[in-house]
>>> print(open('input_30.cif').read())   # mmCIF, C-alpha atoms
data_target
loop_
_atom_site.label_atom_id
_atom_site.label_comp_id
_atom_site.auth_asym_id
_atom_site.auth_seq_id
_atom_site.Cartn_x
_atom_site.Cartn_y
_atom_site.Cartn_z
CA THR A 47 30.08 29.14 -39.65
CA MET A 48 30.55 25.58 -38.46
CA ASN A 49 33.81 24.74 -36.72
CA PHE A 50 34.09 20.95 -36.36
CA ASN A 51 36.95 21.11 -33.86
CA PHE A 52 35.51 18.87 -31.15
CA VAL A 53 37.03 20.71 -28.18
CA PHE A 54 37.24 24.32 -29.34
CA GLY A 55 34.67 24.43 -32.14
CA ASN A 56 30.99 25.38 -31.97
CA THR A 57 29.33 22.22 -33.25
CA PHE A 58 29.77 19.69 -30.43
CA THR A 59 29.82 21.92 -27.34
CA VAL A 60 27.11 20.00 -25.47
CA LEU A 61 28.85 16.67 -25.96
CA ALA A 62 32.31 18.03 -25.13
CA ALA A 63 31.02 19.58 -21.91
CA GLY A 64 29.34 16.32 -20.98
CA LEU A 65 32.59 14.39 -21.32
CA LEU A 66 34.16 16.69 -18.72
CA ASP A 67 31.22 16.44 -16.33
CA PRO A 68 32.30 14.28 -13.34
CA ALA A 69 28.74 13.03 -13.01
CA ASN A 70 29.24 11.37 -16.40
CA PHE A 71 32.93 10.43 -16.40
CA GLY A 72 34.88 10.36 -13.17
CA PRO A 73 35.31 8.37 -9.94
CA ALA A 74 31.58 8.61 -9.22
CA GLY A 75 30.45 8.97 -12.84
CA LEU A 76 28.23 6.71 -14.89
CA GLY A 77 30.61 5.97 -17.72
CA GLY A 78 34.14 5.42 -16.47
CA ASP A 79 37.31 7.32 -15.70
CA THR A 80 37.79 11.09 -15.75
CA ILE A 81 38.36 12.51 -19.23
CA VAL A 82 40.97 15.20 -19.86
CA PHE A 83 41.30 16.85 -23.27
CA LEU A 84 44.84 17.06 -24.64
CA PRO A 85 45.96 19.68 -27.18
CA GLN A 86 44.76 18.80 -30.64
CA VAL A 87 47.18 18.15 -33.48
CA VAL A 88 47.14 19.02 -37.17
CA GLU A 89 48.54 15.62 -38.14
CA ILE A 90 48.55 12.39 -36.14
CA THR A 91 52.08 11.05 -35.80
CA PRO A 92 53.18 7.94 -33.86
CA ASN A 93 54.61 10.08 -31.07
CA ASP A 94 51.33 12.02 -30.75
CA LEU A 95 49.65 8.83 -29.54
CA VAL A 96 52.12 8.21 -26.72
CA GLY A 97 50.42 9.01 -23.41
CA VAL A 98 46.97 9.02 -25.03
CA ASP A 99 44.16 6.62 -24.07
CA MET A 100 41.36 7.66 -26.42
CA VAL A 101 41.03 9.43 -29.78
CA LEU A 102 37.83 11.17 -30.92
CA LEU A 103 37.62 12.15 -34.59
CA SER A 104 34.91 14.03 -36.44
CA ASN A 105 35.06 16.03 -39.67
CA SER A 106 38.53 17.19 -40.61
CA ALA A 107 39.76 19.50 -43.33
CA GLU A 108 41.78 16.68 -44.92
CA ALA A 109 41.32 12.93 -45.16
CA LEU A 110 43.45 10.77 -42.90
CA SER A 111 46.70 9.75 -44.55
CA ALA A 112 47.71 6.11 -44.84
CA CYS A 113 50.20 6.68 -42.02
CA GLU A 114 47.51 8.15 -39.76
CA GLN A 115 45.15 5.27 -40.49
CA ILE A 116 47.86 2.70 -39.76
CA MET A 117 48.90 4.40 -36.53
CA LEU A 118 45.32 4.65 -35.27
CA ALA A 119 44.66 0.97 -35.99
CA GLU A 120 47.91 0.03 -34.25
CA PHE A 121 46.98 2.31 -31.34
CA VAL A 122 43.72 0.39 -30.92
CA ARG A 123 45.48 -2.96 -31.28
CA GLN A 124 47.73 -2.00 -28.39
CA GLY A 125 44.73 -1.21 -26.18
CA GLY A 126 43.74 2.31 -27.21
CA ALA A 127 40.22 3.58 -27.87
CA LEU A 128 38.97 5.22 -31.07
CA PHE A 129 35.62 6.84 -31.85
CA THR A 130 35.36 8.37 -35.31
CA PHE A 131 32.11 9.88 -36.58
CA SER A 132 31.80 11.54 -39.98
CA ASN A 133 30.52 10.75 -43.45
CA GLN A 134 33.99 9.50 -44.38
CA ALA A 135 34.66 7.52 -41.19
CA ALA A 136 34.04 4.05 -42.64
CA ILE A 137 35.95 4.89 -45.81
CA GLU A 138 39.00 6.03 -43.87
CA MET A 139 39.12 3.57 -40.98
CA GLY A 140 36.76 0.68 -41.83
CA PRO A 141 39.26 -1.33 -43.91
CA ARG A 142 41.85 -1.07 -41.12
CA PHE A 143 39.51 -3.14 -38.95
CA GLY A 144 38.41 -5.58 -41.66
CA ALA A 145 35.24 -3.78 -42.77
CA THR A 146 34.15 -2.75 -46.27
CA PRO A 147 32.79 0.80 -46.67
CA SER A 148 30.37 2.12 -49.24
CA PHE A 149 31.17 5.25 -51.20
CA GLY A 150 27.51 6.05 -51.82
CA GLY A 151 24.90 7.74 -49.69
CA GLY A 152 22.60 5.91 -47.32
CA GLY A 153 18.87 6.10 -46.70
CA ASN A 154 17.04 8.40 -44.31
CA ILE A 155 15.77 5.86 -41.77
CA VAL A 156 18.30 4.44 -39.30
CA THR A 157 17.38 1.64 -36.88
CA TRP A 158 19.13 1.13 -33.56
CA GLN A 159 20.23 -2.46 -32.92
CA ASN A 160 20.76 -4.22 -29.61
CA HIS A 161 24.27 -3.55 -28.30
CA PRO A 162 25.87 -2.11 -25.14
CA ILE A 163 26.28 1.13 -27.10
CA THR A 164 22.53 1.45 -27.63
CA SER A 165 21.66 0.21 -24.16
CA GLY A 166 24.21 1.40 -21.66
CA PRO A 167 24.79 3.51 -18.55
CA PHE A 168 23.55 6.69 -20.21
CA GLY A 169 20.29 5.34 -21.53
CA THR A 170 18.72 3.30 -24.30
CA ALA A 171 18.06 4.00 -27.96
CA PHE A 172 15.56 1.85 -29.82
CA GLY A 173 13.38 1.94 -32.90
CA ASN A 174 13.95 4.16 -35.92
CA GLU A 175 15.34 7.65 -36.40
CA SER A 176 15.48 10.01 -39.38
CA PHE A 177 18.98 10.95 -40.55
CA PHE A 178 20.22 13.35 -43.18
CA PHE A 179 23.04 12.56 -45.64
CA HIS A 180 25.40 9.86 -44.45
CA ARG A 181 27.33 6.88 -45.76
CA PHE A 182 27.28 3.25 -44.64
CA PHE A 183 29.17 -0.05 -44.50
CA GLU A 184 28.71 -2.66 -47.19
CA ASP A 185 30.10 -5.19 -44.71
CA VAL A 186 31.28 -4.64 -41.13
CA GLY A 187 33.55 -7.71 -41.25
CA PRO A 188 34.47 -8.72 -37.67
CA GLY A 189 32.61 -5.73 -36.28
CA THR A 190 29.13 -5.61 -34.76
CA PRO A 191 26.53 -3.20 -36.19
CA PHE A 192 24.58 -1.14 -33.68
CA ALA A 193 22.88 1.23 -36.16
CA THR A 194 21.59 0.05 -39.53
CA GLU A 195 19.56 1.20 -42.50
CA ALA A 196 18.21 -0.46 -45.63
CA LYS A 197 21.58 -0.59 -47.40
CA GLY A 198 23.82 -1.61 -44.51
CA ALA A 199 25.27 -0.60 -41.17
CA VAL A 200 25.71 3.07 -40.29
CA GLY A 201 27.44 2.50 -36.95
CA ALA A 202 29.66 -0.45 -36.01
CA ALA A 203 31.71 -1.48 -33.00
CA PHE A 204 35.06 -3.27 -33.29
CA GLU A 205 37.23 -5.17 -30.85
CA HIS A 206 40.72 -5.07 -32.33
CA GLY A 207 43.63 -6.56 -30.45
CA ASP A 208 43.49 -5.20 -26.91
CA GLY A 209 41.41 -2.12 -27.78
CA ARG A 210 38.06 -1.06 -29.13
CA ALA A 211 36.88 1.23 -31.91
CA VAL A 212 33.53 2.71 -32.90
CA ILE A 213 32.92 3.97 -36.42
CA PHE A 214 29.80 5.98 -37.24
CA CYS A 215 29.20 7.16 -40.82
CA ASP A 216 27.73 10.55 -39.98
CA GLU A 217 28.37 13.65 -37.88
CA GLU A 218 25.10 15.55 -38.26
CA TRP A 219 23.39 13.27 -35.73
CA LEU A 220 25.48 14.99 -33.03
CA LEU A 221 25.57 18.64 -34.14
CA ASP A 222 24.53 21.49 -31.84
CA PHE A 223 22.76 23.44 -34.59
CA ASP A 224 21.86 23.62 -38.29
CA LEU A 225 23.60 25.53 -41.04
CA VAL A 226 22.17 25.13 -44.52
CA GLY A 227 24.81 23.82 -46.89
CA CYS A 228 27.05 22.61 -44.06
CA GLY A 229 24.98 20.36 -41.85
CA ILE A 230 21.55 19.82 -40.34
CA SER A 231 21.38 18.48 -36.81
CA SER A 232 19.22 15.45 -36.07
CA ARG A 233 20.43 15.09 -32.49
CA ASP A 234 18.00 14.06 -29.78
CA ILE A 235 18.25 12.62 -26.28
CA GLU A 236 18.78 9.09 -27.62
CA ASP A 237 21.69 10.23 -29.79
CA ILE A 238 23.37 11.84 -26.78
CA ALA A 239 22.93 8.60 -24.83
CA VAL A 240 24.43 6.57 -27.70
CA PHE A 241 27.41 8.92 -27.93
CA TYR A 242 28.24 8.68 -24.22
CA ASN A 243 27.56 4.93 -24.18
CA ALA A 244 30.02 4.55 -27.06
CA VAL A 245 32.69 6.51 -25.21
CA SER A 246 32.08 4.36 -22.14
CA TRP A 247 32.23 1.14 -24.19
CA ILE A 248 35.58 1.92 -25.80
CA MET A 249 37.19 3.37 -22.65
CA PRO A 250 40.31 1.36 -21.70
CA ALA A 251 40.37 -0.31 -18.30
CA GLY A 252 43.66 1.42 -17.50
CA PRO A 253 46.34 3.66 -19.03
CA VAL A 254 47.40 2.76 -22.57
CA ASP A 255 51.13 2.26 -23.01
CA PHE A 256 51.36 2.88 -26.75
CA VAL A 257 54.71 2.02 -28.30
CA PRO A 258 55.26 3.51 -31.78
CA PRO A 259 56.00 0.62 -34.14
CA ASN A 260 59.12 0.34 -36.21
CA PRO A 261 58.65 1.44 -39.82
CA CYS A 262 58.94 -1.09 -42.62
CA ALA A 263 62.50 -1.23 -43.98
CA VAL A 264 61.46 -1.12 -47.64
CA ASP A 265 59.26 1.95 -47.07
CA LEU A 266 62.22 4.11 -48.00
CA ASN A 267 60.28 7.36 -48.36
CA GLN A 268 58.64 6.70 -44.96
CA ASP A 269 55.08 7.48 -46.03
CA TRP A 270 53.75 4.15 -44.66
CA VAL A 271 52.81 2.97 -48.12
CA ARG A 272 54.78 0.26 -49.94
CA ASP A 273 54.75 1.29 -53.59
CA ILE A 274 56.78 2.08 -56.71
CA PHE A 275 58.11 5.26 -55.12
CA ASP A 276 60.03 3.16 -52.61
CA VAL A 277 61.56 1.16 -55.47
CA LEU A 278 62.55 4.39 -57.20
CA ALA A 279 64.11 5.66 -53.97
CA PHE A 280 66.18 2.49 -53.72
CA LEU A 281 67.29 2.68 -57.36
CA ASP A 282 68.28 6.31 -56.85
CA ALA A 283 70.39 5.31 -53.85
CA PHE A 284 71.86 2.42 -55.85
CA SER A 285 72.78 4.68 -58.78
CA SER A 286 74.48 7.21 -56.51
CA GLY A 287 76.38 4.56 -54.59
CA SER A 288 74.69 5.45 -51.31
CA ALA A 289 75.28 3.13 -48.37
CA ILE A 290 71.49 2.77 -48.15
CA ALA A 291 71.66 0.58 -51.25
CA ASP A 292 73.95 -1.98 -49.58
CA TRP A 293 70.86 -3.97 -48.71
CA ASN A 294 72.60 -7.25 -47.87
CA ALA A 295 75.20 -5.39 -45.77
CA ASP A 296 78.24 -6.97 -47.41
CA THR A 297 79.91 -3.55 -48.02
CA ILE A 298 79.56 -4.08 -51.78
CA ILE A 299 76.80 -2.39 -53.78
CA ASP A 300 75.85 -4.75 -56.58
CA ILE A 301 73.04 -6.68 -58.22
CA PHE A 302 72.67 -8.85 -55.13
CA ASP A 303 71.52 -5.78 -53.19
CA VAL A 304 68.86 -5.13 -55.81
CA LEU A 305 67.67 -8.72 -55.56
CA ALA A 306 67.68 -8.57 -51.76
CA PHE A 307 65.67 -5.35 -51.74
CA LEU A 308 63.13 -6.61 -54.27
CA GLY A 309 62.74 -9.87 -52.35
CA GLU A 310 61.97 -8.01 -49.12
CA PHE A 311 59.74 -5.57 -51.01
CA ASP A 312 57.70 -8.42 -52.48
CA ALA A 313 57.31 -9.98 -49.03
CA GLY A 314 55.32 -6.94 -47.92
CA CYS A 315 55.20 -4.79 -44.80
CA TRP A 316 53.75 -5.57 -41.38
CA PHE A 317 51.14 -2.82 -41.65
CA GLU A 318 49.46 -4.13 -44.81
#
>>> encode(input="input_30.cif", output="structure tokens")
Amino acid sequence: TMNFNFVFGNTFTVLAAGLLDPANFGPAGLGGDTIVFLPQVVEITPNDLVGVDMVLLSNSAEALSACEQIMLAEFVRQGGALFTFSNQAAIEMGPRFGATPSFGGGGNIVTWQNHPITSGPFGTAFGNESFFFHRFFEDVGPGTPFATEAKGAVGAAFEHGDGRAVIFCDEEWLLDFDLVGCGISSRDIEDIAVFYNAVSWIMPAGPVDFVPPNPCAVDLNQDWVRDIFDVLAFLDAFSSGSAIADWNADTIIDIFDVLAFLGEFDAGCWFE
């Protein structure tokens, strides 16, 4: 059985142990400050990111929700660090940083490109490497590719606001072992160097003071998506005479509240 829990699972034990090794990360380490694992969460909420400096994401049982994607991008914008590595990584987080993912599978040969992630304190990766199934970026947008294949980038680095993010479209390149039907490891010494270099590259210079953003007013069902369900929620409040529907705050619930809500709805939300 493969357990993809990065800290407590059985698939990334070598990498997890290396992050805690003071020779790698610590006052005298190669890659930056000491790393301490915090308890993992089932769902990423805004408050979960308070007091956090870095987020590592691999395979998860469920895709990231729109709210989770928005919060992670905002976390990076405020100075946080994000490293996500899975087949779905570019699909889930790429657009939040201006990149365009592919929904198809990539080729077998991946080429390392010149970047601090491929040539850093933990070593250098160069030339080609054979990968198993993975996806890729159609366009990395403002990002910089550090691993490519014939169809596009497989790994890309992003500087977003005050923080940094690394997105890699595969997880098998880092696995401890093989399990037919679940994953086949292609990890070698260069991959380990790239992983630790990536962690070092995204590491914030100091503590991250993440402030959860205010939700968008017209996102009435608070799912961090502006859609028809928010309009229906407003109309339901309007029909029942709820104070929520007094959108222009004149103590009268009337057509002008509907117009005010729709005007603000059409203007969009900050997170889009």
>>> closest_residue(input="input_30.cif", among="A:Leu305, A:Gly173, A:Gly150, A:Phe143", to="Val212 in chain A", atoms="all atoms listed in the file")
A:Phe143
>>> closest_residue(input="input_30.cif", among="A:Met100, A:Val245, A:Cys262, A:Ala136", to="Leu76 in chain A", atoms="only C-alpha atoms")
A:Val245
>>> closest_residue(input="input_30.cif", among="A:Asp222, A:Glu175, A:Glu89, A:Asp216", to="Ala62 in chain A", atoms="only C-alpha atoms")
A:Asp222
>>> resolve_selection(input="input_30.cif", expression="the PyMOL selection byres ((chain A and resi 316) around 10)", output="number ranges by chain")
A: 259-262, 313-315, 317-318
>>> resolve_selection(input="input_30.cif", expression="the PyMOL selection byres ((chain A and resi 65-75) around 12)", output="compact mmCIF listing (two decimals) with C-alpha atoms, keeping the file's coordinate frame")
# COMPACT_ATOMS: atom_id res chain seq x y z
CA PHE A 52 35.51 18.87 -31.15
CA VAL A 53 37.03 20.71 -28.18
CA PHE A 58 29.77 19.69 -30.43
CA THR A 59 29.82 21.92 -27.34
CA VAL A 60 27.11 20.00 -25.47
CA LEU A 61 28.85 16.67 -25.96
CA ALA A 62 32.31 18.03 -25.13
CA ALA A 63 31.02 19.58 -21.91
CA GLY A 64 29.34 16.32 -20.98
CA LEU A 76 28.23 6.71 -14.89
CA GLY A 77 30.61 5.97 -17.72
CA GLY A 78 34.14 5.42 -16.47
CA ASP A 79 37.31 7.32 -15.70
CA THR A 80 37.79 11.09 -15.75
CA ILE A 81 38.36 12.51 -19.23
CA VAL A 82 40.97 15.20 -19.86
CA PHE A 83 41.30 16.85 -23.27
CA LEU A 102 37.83 11.17 -30.92
CA PRO A 167 24.79 3.51 -18.55
CA PHE A 168 23.55 6.69 -20.21
CA GLY A 169 20.29 5.34 -21.53
CA ILE A 238 23.37 11.84 -26.78
CA ALA A 239 22.93 8.60 -24.83
CA PHE A 241 27.41 8.92 -27.93
CA TYR A 242 28.24 8.68 -24.22
CA ASN A 243 27.56 4.93 -24.18
CA ALA A 244 30.02 4.55 -27.06
CA VAL A 245 32.69 6.51 -25.21
CA SER A 246 32.08 4.36 -22.14
CA MET A 249 37.19 3.37 -22.65
>>> resolve_selection(input="input_30.cif", expression="the PyMOL selection byres ((chain A and resi 104) around 10)", output="PyMOL selection string")
chain A and resi 50-52+58+102-103+105-106+129-135+214-217
>>> residues_near_point(input="input_30.cif", point="(39.3, -0.9, -24.9)", cutoff="12 Å", atoms="all atoms listed in the file", output="NGL selection string")
:A and (78 or 99-101 or 121-129 or 203-212 or 244-254)
>>> atom_distance(input="input_30.cif", atom1="CA of Ser232 in chain A", atom2="CA of Phe192 in chain A")
17.6 Å
>>> residues_near_point(input="input_30.cif", point="(28.9, 20.8, -35.5)", cutoff="8 Å", atoms="only C-alpha atoms", output="list in words")
Met48, Asn49, Phe50, Gly55, Asn56, Thr57, Phe58, Glu217, Glu218, Leu220, Leu221, Asp222, Phe223, Gly229 and Ser231 of chain A
>>> closest_residue(input="input_30.cif", among="A:Gln115, A:Thr146, A:Thr170, A:Asn154", to="Phe183 in chain A", atoms="all atoms listed in the file")
A:Thr146
>>> atom_distance(input="input_30.cif", atom1="CA of Asp273 in chain A", atom2="CA of Leu95 in chain A")
25.7 Å
>>> residues_around(input="input_30.cif", residues="Gly152 in chain A", least_positions_apart="4", cutoff="9 Å", atoms="only C-alpha atoms", output="CSV table (one decimal) with C-alpha atoms, keeping the file's coordinate frame")
chain,number,residue,atom,x,y,z
A,148,SER,CA,30.4,2.1,-49.2
A,178,PHE,CA,20.2,13.4,-43.2
A,179,PHE,CA,23.0,12.6,-45.6
A,180,HIS,CA,25.4,9.9,-44.4
A,181,ARG,CA,27.3,6.9,-45.8
A,182,PHE,CA,27.3,3.2,-44.6
A,195,GLU,CA,19.6,1.2,-42.5
A,196,ALA,CA,18.2,-0.5,-45.6
A,197,LYS,CA,21.6,-0.6,-47.4
A,198,GLY,CA,23.8,-1.6,-44.5
A,200,VAL,CA,25.7,3.1,-40.3
